[in-house]
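Next up, query.cif (mmCIF, C-alpha atoms):
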```cif
data_upload
#
loop_
_atom_site.label_atom_id
_atom_site.label_comp_id
_atom_site.auth_asym_id
_atom_site.auth_seq_id
_atom_site.Cartn_x
_atom_site.Cartn_y
_atom_site.Cartn_z
CA MET V 1 -89.22 143.75 53.28
CA LYS V 2 -88.91 140.80 55.61
CA ASP V 3 -85.97 138.59 56.45
CA SER V 4 -86.10 134.82 56.83
CA PHE V 5 -87.08 135.22 60.50
CA GLY V 6 -90.14 137.29 59.66
CA ARG V 7 -88.70 140.59 60.89
CA LYS V 8 -89.94 143.63 58.96
CA ILE V 9 -86.96 145.74 57.85
CA ASN V 10 -87.99 149.39 57.65
CA TYR V 11 -85.03 151.32 59.08
CA LEU V 12 -81.90 152.28 57.11
CA ARG V 13 -78.82 153.91 58.60
CA VAL V 14 -76.56 155.53 56.01
CA SER V 15 -73.01 156.68 56.67
CA VAL V 16 -71.89 159.48 54.36
CA THR V 17 -68.29 159.69 55.61
CA ASP V 18 -65.84 158.00 57.95
CA LEU V 19 -64.12 161.33 58.62
CA CYS V 20 -64.73 163.17 61.88
CA ASN V 21 -63.72 166.43 63.54
CA LEU V 22 -63.19 164.62 66.87
CA ARG V 23 -60.95 161.75 67.99
CA CYS V 24 -63.00 160.03 70.69
CA LYS V 25 -60.89 157.44 72.49
CA TYR V 26 -63.28 154.52 72.02
CA CYS V 27 -63.86 155.28 68.35
CA MET V 28 -60.96 156.97 66.52
CA PRO V 29 -57.18 156.53 66.51
CA LYS V 30 -55.35 159.46 68.11
CA GLU V 31 -53.73 160.39 64.81
CA GLY V 32 -57.04 160.24 62.94
CA ILE V 33 -57.49 158.32 59.69
CA CYS V 34 -56.21 158.67 56.16
CA LYS V 35 -58.66 160.28 53.79
CA ARG V 36 -59.97 157.76 51.28
CA ASP V 37 -59.63 158.20 47.54
CA HIS V 38 -62.67 159.82 45.98
CA ASP V 39 -63.56 156.66 44.05
CA ASP V 40 -63.55 154.57 47.22
CA ILE V 41 -66.63 156.20 48.72
CA LEU V 42 -70.15 156.56 47.44
CA THR V 43 -70.95 159.81 45.70
CA LEU V 44 -73.96 161.56 47.21
CA GLU V 45 -75.84 160.74 44.01
CA GLU V 46 -75.10 157.03 44.51
CA THR V 47 -76.09 157.30 48.16
CA GLU V 48 -79.38 158.87 47.14
CA GLU V 49 -79.97 156.15 44.53
CA ILE V 50 -79.48 153.43 47.15
CA ILE V 51 -81.82 155.17 49.58
CA LYS V 52 -84.48 155.54 46.87
CA VAL V 53 -84.41 151.80 46.16
CA PHE V 54 -84.64 150.95 49.85
CA VAL V 55 -87.58 153.32 50.29
CA SER V 56 -89.35 151.73 47.31
CA LEU V 57 -88.97 148.39 49.12
CA GLY V 58 -90.54 149.59 52.35
CA ILE V 59 -87.92 151.56 54.27
CA ASP V 60 -89.69 154.49 55.95
CA LYS V 61 -87.09 155.57 58.49
CA VAL V 62 -83.67 156.87 57.43
CA ARG V 63 -80.85 158.07 59.65
CA ILE V 64 -77.76 159.81 58.24
CA THR V 65 -74.56 159.04 60.14
CA GLY V 66 -70.77 159.17 59.87
CA GLY V 67 -68.00 159.68 61.04
CA GLU V 68 -69.41 163.12 61.44
CA PRO V 69 -72.01 163.60 58.68
CA LEU V 70 -71.96 167.40 58.82
CA VAL V 71 -68.37 167.49 57.53
CA ARG V 72 -69.48 165.90 54.25
CA LYS V 73 -69.67 168.46 51.46
CA GLY V 74 -73.17 168.58 49.96
CA ILE V 75 -74.88 167.03 52.99
CA LEU V 76 -77.69 169.62 52.95
CA ASP V 77 -78.61 168.72 49.37
CA LEU V 78 -78.76 165.04 50.28
CA ILE V 79 -81.01 165.79 53.25
CA SER V 80 -83.27 167.87 51.03
CA ASN V 81 -83.58 165.21 48.32
CA VAL V 82 -84.14 162.33 50.73
CA GLY V 83 -86.62 164.35 52.73
CA GLN V 84 -88.80 164.70 49.64
CA LEU V 85 -89.03 160.96 48.95
CA GLU V 86 -92.57 159.63 49.17
CA GLY V 87 -92.74 157.03 51.91
CA ILE V 88 -90.22 158.59 54.29
CA LYS V 89 -91.85 159.02 57.69
CA ASP V 90 -88.78 159.87 59.71
CA LEU V 91 -85.49 161.44 58.57
CA ALA V 92 -82.87 161.96 61.24
CA ILE V 93 -79.16 162.51 61.70
CA THR V 94 -76.59 161.46 64.30
CA THR V 95 -73.94 164.09 65.00
CA ASN V 96 -71.40 165.08 67.62
CA GLY V 97 -73.03 168.51 67.62
CA LEU V 98 -69.96 170.66 66.99
CA LEU V 99 -71.39 172.04 63.74
CA LEU V 100 -75.04 171.90 64.75
CA LYS V 101 -75.39 175.56 65.67
CA ARG V 102 -74.36 176.47 62.12
CA TYR V 103 -76.52 173.89 60.34
CA ALA V 104 -79.60 173.26 62.53
CA LYS V 105 -81.90 175.76 60.82
CA ASP V 106 -80.92 174.65 57.31
CA LEU V 107 -81.31 171.00 58.27
CA LYS V 108 -84.81 171.67 59.55
CA ASN V 109 -85.72 173.65 56.44
CA ARG V 110 -84.41 170.85 54.19
CA GLY V 111 -86.71 168.28 55.78
CA LEU V 112 -84.79 166.79 58.71
CA ASN V 113 -87.12 165.70 61.51
CA ARG V 114 -84.85 164.85 64.41
CA VAL V 115 -81.28 164.87 65.61
CA ASN V 116 -79.29 162.55 67.88
CA ILE V 117 -76.25 164.03 69.58
CA SER V 118 -73.38 161.95 70.88
CA LEU V 119 -72.32 163.37 74.25
CA ASP V 120 -70.51 161.44 76.98
CA THR V 121 -69.86 164.10 79.61
CA LEU V 122 -71.17 167.49 80.73
CA ASN V 123 -67.76 168.52 82.07
CA LYS V 124 -65.73 170.72 79.71
CA ASN V 125 -62.34 169.35 80.73
CA LYS V 126 -63.44 165.73 80.55
CA TYR V 127 -65.11 166.34 77.20
CA LYS V 128 -61.84 167.71 75.86
CA GLU V 129 -60.08 164.66 77.26
CA ILE V 130 -62.36 161.93 75.86
CA THR V 131 -62.68 163.62 72.45
CA ARG V 132 -59.00 164.61 72.31
CA GLY V 133 -59.62 168.34 71.94
CA GLY V 134 -63.36 168.94 71.52
CA ASP V 135 -65.17 172.05 72.79
CA LEU V 136 -68.24 171.21 74.88
CA THR V 137 -69.55 174.79 74.64
CA LYS V 138 -70.09 174.38 70.89
CA VAL V 139 -72.05 171.19 71.44
CA LEU V 140 -74.31 172.77 74.06
CA GLU V 141 -74.91 175.74 71.76
CA GLY V 142 -75.79 173.30 68.99
CA ILE V 143 -78.31 171.54 71.22
CA ASP V 144 -79.95 174.87 72.07
CA GLU V 145 -80.13 175.80 68.40
CA ALA V 146 -81.63 172.45 67.41
CA ARG V 147 -84.26 172.81 70.09
CA MET V 148 -85.06 176.36 69.01
CA VAL V 149 -85.62 175.44 65.34
CA GLY V 150 -87.80 172.44 66.23
CA LEU V 151 -85.57 169.43 65.64
CA SER V 152 -87.25 167.49 68.40
CA PRO V 153 -87.36 165.45 70.41
CA ILE V 154 -83.62 165.86 70.79
CA LYS V 155 -81.92 162.61 71.74
CA ILE V 156 -78.58 162.56 73.51
CA ASN V 157 -76.59 159.35 73.19
CA THR V 158 -74.27 158.79 76.15
CA VAL V 159 -71.79 155.91 76.17
CA LEU V 160 -71.21 154.76 79.74
CA ILE V 161 -67.52 154.51 80.56
CA GLY V 162 -66.38 153.09 83.87
CA GLY V 163 -64.48 155.58 86.03
CA PHE V 164 -65.15 158.39 83.57
CA ASN V 165 -68.80 159.41 83.47
CA ASP V 166 -70.66 156.98 85.75
CA HIS V 167 -70.91 159.68 88.43
CA GLU V 168 -72.64 162.00 85.90
CA ILE V 169 -75.61 159.69 85.34
CA ARG V 170 -78.02 161.78 87.41
CA ASP V 171 -76.84 164.98 85.72
CA PHE V 172 -77.75 163.50 82.34
CA VAL V 173 -81.08 162.18 83.62
CA ASN V 174 -81.93 165.65 84.94
CA LEU V 175 -81.73 166.99 81.37
CA THR V 176 -84.99 165.16 80.70
CA VAL V 177 -86.91 166.76 83.55
CA LYS V 178 -87.61 170.30 82.29
CA ASP V 179 -87.03 169.93 78.54
CA ASN V 180 -88.24 167.62 75.78
CA ILE V 181 -84.85 165.89 75.65
CA ASP V 182 -84.35 162.14 75.64
CA VAL V 183 -81.11 160.77 77.07
CA ARG V 184 -80.08 157.27 76.07
CA PHE V 185 -77.35 155.44 77.93
CA ILE V 186 -75.44 152.96 75.77
CA GLU V 187 -73.13 150.22 76.95
CA LEU V 188 -69.57 150.55 75.67
CA MET V 189 -69.19 148.14 72.77
CA PRO V 190 -65.92 146.32 71.95
CA ILE V 191 -65.72 147.30 68.29
CA GLY V 192 -62.64 147.54 66.07
CA GLU V 193 -59.32 148.73 67.43
CA ALA V 194 -60.93 149.90 70.69
CA GLN V 195 -61.85 146.36 71.76
CA ASN V 196 -59.45 146.08 74.67
CA TRP V 197 -60.04 149.67 75.80
CA ALA V 198 -63.79 149.06 75.74
CA ILE V 199 -63.59 145.82 77.68
CA GLU V 200 -61.42 147.40 80.38
CA ASN V 201 -63.78 150.37 80.78
CA PHE V 202 -67.08 148.51 80.43
CA ILE V 203 -69.84 148.92 83.00
CA SER V 204 -73.35 147.53 82.81
CA ASN V 205 -76.26 149.88 82.21
CA ASP V 206 -77.83 148.44 85.36
CA ILE V 207 -75.95 151.19 87.19
CA VAL V 208 -78.39 153.77 85.79
CA LEU V 209 -81.37 152.27 87.62
CA ASP V 210 -79.27 151.80 90.75
CA LYS V 211 -78.25 155.45 90.84
CA VAL V 212 -81.62 156.96 89.85
CA ARG V 213 -84.27 154.88 91.58
CA GLU V 214 -87.06 157.35 90.78
CA LEU V 215 -87.08 156.27 87.13
CA MET V 216 -90.34 154.64 86.09
CA LYS V 217 -90.53 152.21 83.19
CA ILE V 218 -92.67 153.32 80.25
CA LYS V 219 -95.00 150.68 78.87
CA GLY V 220 -96.06 150.25 75.27
CA GLU V 221 -92.82 151.38 73.59
CA ASP V 222 -91.86 150.18 70.10
CA PRO V 223 -90.36 146.66 70.51
CA SER V 224 -87.99 147.30 67.58
CA SER V 225 -86.30 150.09 69.53
CA PRO V 226 -83.02 148.97 71.11
CA ALA V 227 -83.78 151.16 74.12
CA ILE V 228 -85.93 150.35 77.12
CA TYR V 229 -87.44 153.68 78.14
CA TYR V 230 -88.02 155.18 81.57
CA LYS V 231 -89.21 158.54 82.84
CA MET V 232 -88.65 160.73 85.83
CA PRO V 233 -91.74 161.82 87.77
CA GLU V 234 -93.07 164.93 85.97
CA GLY V 235 -90.26 164.61 83.42
CA LYS V 236 -90.85 165.96 79.91
CA GLY V 237 -88.29 163.73 78.22
CA LYS V 238 -87.39 160.07 78.48
CA VAL V 239 -84.41 158.06 79.65
CA GLY V 240 -83.42 155.17 77.40
CA ILE V 241 -81.20 152.25 78.33
CA ILE V 242 -79.51 150.37 75.48
CA ASN V 243 -77.82 147.11 76.48
CA PRO V 244 -76.21 145.50 73.42
CA ILE V 245 -73.88 143.46 75.64
CA THR V 246 -75.94 142.41 78.66
CA CYS V 247 -79.36 142.24 76.96
CA LYS V 248 -79.72 141.31 73.29
CA PHE V 249 -82.54 142.93 71.29
CA CYS V 250 -81.96 141.03 68.05
CA ASP V 251 -85.43 139.42 67.97
CA TYR V 252 -86.99 142.74 66.94
CA CYS V 253 -84.13 144.16 64.87
CA ASN V 254 -85.59 146.15 61.99
CA ARG V 255 -82.48 147.88 60.65
CA VAL V 256 -79.64 147.58 58.19
CA ARG V 257 -76.68 149.86 57.48
CA ILE V 258 -74.85 151.30 54.48
CA THR V 259 -71.23 152.35 55.00
CA SER V 260 -69.71 155.35 53.27
CA THR V 261 -67.87 152.91 50.96
CA GLY V 262 -71.17 151.37 49.87
CA LYS V 263 -71.14 148.18 51.92
CA LEU V 264 -74.48 146.83 53.11
CA LYS V 265 -74.22 145.58 56.69
CA LEU V 266 -77.13 143.40 57.74
CA CYS V 267 -75.88 143.31 61.35
CA LEU V 268 -73.75 145.89 63.14
CA HIS V 269 -71.81 143.16 64.93
CA SER V 270 -70.95 141.08 61.87
CA ASP V 271 -68.01 141.48 59.51
CA ASP V 272 -70.12 140.20 56.61
CA GLU V 273 -70.76 142.93 54.04
CA ILE V 274 -72.30 143.22 50.56
CA ASP V 275 -70.72 145.68 48.11
CA LEU V 276 -73.58 147.79 46.76
CA LYS V 277 -71.15 150.34 45.29
CA LYS V 278 -69.93 147.64 42.93
CA VAL V 279 -73.50 146.68 42.11
CA ILE V 280 -74.34 150.26 41.13
CA ARG V 281 -71.18 150.89 39.15
CA GLU V 282 -71.54 147.63 37.22
CA GLY V 283 -75.15 148.45 36.38
CA LYS V 284 -76.64 145.39 38.09
CA ASP V 285 -80.14 145.15 39.49
CA LEU V 286 -79.82 146.87 42.88
CA LYS V 287 -83.37 146.07 43.99
CA GLU V 288 -83.04 142.35 43.30
CA ILE V 289 -79.76 142.07 45.20
CA ILE V 290 -81.05 144.05 48.20
CA LEU V 291 -84.13 141.82 48.49
CA LYS V 292 -82.01 138.68 48.31
CA GLU V 293 -79.53 139.89 50.95
CA ILE V 294 -82.18 141.24 53.33
CA TYR V 295 -83.75 137.79 53.42
CA ASN V 296 -80.40 136.43 54.66
CA LYS V 297 -80.07 138.87 57.57
CA PRO V 298 -78.56 136.90 60.50
CA GLU V 299 -80.74 136.02 63.45
CA SER V 300 -78.51 137.62 66.08
CA HIS V 301 -75.04 138.78 67.05
CA ASN V 302 -72.64 136.79 69.22
CA LEU V 303 -71.08 139.47 71.42
CA GLU V 304 -71.74 137.44 74.53
CA GLU V 305 -69.45 134.76 73.10
CA GLY V 306 -66.64 137.24 72.52
CA GLN V 307 -67.14 137.43 68.76
CA TYR V 308 -66.24 141.07 68.06
CA ILE V 309 -65.98 142.70 64.64
CA LYS V 310 -62.78 144.10 63.17
CA ARG V 311 -64.28 147.27 61.73
CA ASN V 312 -64.13 150.53 63.67
CA MET V 313 -67.38 152.34 64.45
CA PHE V 314 -66.43 155.39 62.39
CA GLU V 315 -66.08 153.08 59.35
CA ILE V 316 -69.53 151.56 59.86
CA GLY V 317 -71.73 154.48 60.78
CA GLY V 318 -73.04 154.93 64.34
#
```
Just give me the structure of the file as structure tokens.
Amino acid sequence: MKDSFGRKINYLRVSVTDLCNLRCKYCMPKEGICKRDHDDILTLEETEEIIKVFVSLGIDKVRITGGEPLVRKGILDLISNVGQLEGIKDLAITTNGLLLKRYAKDLKNRGLNRVNISLDTLNKNKYKEITRGGDLTKVLEGIDEARMVGLSPIKINTVLIGGFNDHEIRDFVNLTVKDNIDVRFIELMPIGEAQNWAIENFISNDIVLDKVRELMKIKGEDPSSPAIYYKMPEGKGKVGIINPITCKFCDYCNRVRITSTGKLKLCLHSDDEIDLKKVIREGKDLKEIILKEIYNKPESHNLEEGQYIKRNMFEIGG
């Protein structure tokens, strides 16, 4: 599949739920969210049908997201079925890690290749604060379990938050030295109801290179990756820097998203959505509609102009 700008679209991110067992300040309301009616979200069978069509059209990389995907009942069966699709080269999941110790072995056995773990601090008290009650110990145990069963390389996604975790940058970088762990620093994005909070706490990812001057840029990385990768001398893992605000990477964007309610999002930072759930339930030609919409994928976002989306990240899929 290619869009009108000649970009090859081969990466699909699929949210299976907007529910989560944490309440991170830049993502979720303190009181949580109301559980949607069963008919409002895709069944796992519908999700699998959509993924199958995308794979038949050239998608070879699938990432399962949420909310927190491991709270979705039947998630292991979905992983197993998707993992068996011919054409899938990479099947991964993004999780907060709280349930990873319990599920890592089963996920590996069902065909999952890799796992990304969202983790913004290595301090137990601060983790509890930013997540409104989370237990860092469970996350660290989950990381150990994932590493032990071979879900590697493990990638840790760290959102940089001014005055909160900027002094932990070197601690995170050091995780990449002795173990095959990649740490990716992500600029805080003004999405949904957290727009003002994000803007007030925003810091540029340039601070990473200022604080850890030993980092060496890695050449020859995939241009479609949003991260620019670096490495510590003798480091086993990599350090990625993702700058959606200060450095656009739209020219090489190769991804689209499906929300848990069945909406196709051609760009993370656009409120435009196509209702694939309706397409499926009305028996229309899913393949034809996907091809038509992919061609119309927008050229770029407009974050630098202050055009922020209304949807919250937990509603979109990370």
Coordinates-based distance that separates atom CA of V:Ile280 from atom CA of V:Asn254 (Å, one decimal):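 Result for atom CA of V:Asn254 versus atom CA of V:Ile280: 24.1 Å, one decimal.
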Shell of 10 Å around V:Thr158, only C-alpha atoms, local chain residues under 4 positions omitted, as a ChimeraX atom specification: /V:117-121,165,169,172,183-188,240-242
Residue contacts of V:Ile290 (12 Å, all atoms listed in the file) excluding same-chain residues fewer than 6 positions away, as a list of chain:residue names: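 Here the qualifying residues turn out to be V:Met1, V:Lys2, V:Asp3, V:Ile9, V:Ile50, V:Ile51, V:Val53, V:Phe54, V:Val55, V:Ser56, V:Leu57, V:Gly58, V:Ile59, V:Val256, V:Arg257, V:Ile258, V:Lys263, V:Leu264, V:Lys265, V:Leu266, V:Glu273, V:Ile274, V:Asp275, V:Leu276, V:Val279, V:Ile280, V:Lys284, V:Asn296, V:Lys297.
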Shell of 12 Å around stretch 35-39 of chain V, all atoms listed in the file, local chain residues under 2 positions omitted, as an MDAnalysis selection string: chainID V and resid 17:20 32:33 41:44 46 67 260:262 277:278 281 315
Residue contacts of V:Gly97 (10 Å, all atoms listed in the file) excluding same-chain residues fewer than 6 positions away, as a ChimeraX atom specification: /V:68,70,103-104,115-119,136,138-143,146
Stretch 201-205 of chain V surroundings by only C-alpha atoms, 10 Å radius, close-in-sequence under 6 positions cut, as a PyMOL selection string: chain V and resi 26+159-164+166+185-190+241-247
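Take the PyMOL selection byres ((chain V and resi 215) around 12) and apply it to this file: it picks Arg170, Val173, Asn174, Thr176, Val177, Val208, Leu209, Asp210, Lys211, Val212, Arg213, Glu214, Met216, Lys217, Ile218, Ile228, Tyr229, Tyr230, Lys231, Met232, Pro233, Glu234, Gly235, Gly237, Lys238, Val239, Gly240 and Ile241 of chain V.
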Gap from atom CA of V:Ile93 to atom CA of V:Gly6 - Å, one decimal: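 Atom CA of V:Ile93 sits 27.6 Å away from atom CA of V:Gly6.
Coordinates place atom CA of V:Val16 at a distance of 20.7 Å from atom CA of V:Thr131.
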Best match for closeness to V:Ile130 among V:Tyr11, V:Arg114, V:Leu286, V:Cys24, counting all atoms listed in the file: V:Cys24
Nearest residue to V:Asp135 from the set V:Asn96, V:Asp60, V:Leu112, V:Val71 (distances using all atoms listed in the file): V:Asn96
Answer key for the PyMOL selection byres ((chain V and resi 88) around 10), residues as a count of residues only: 17
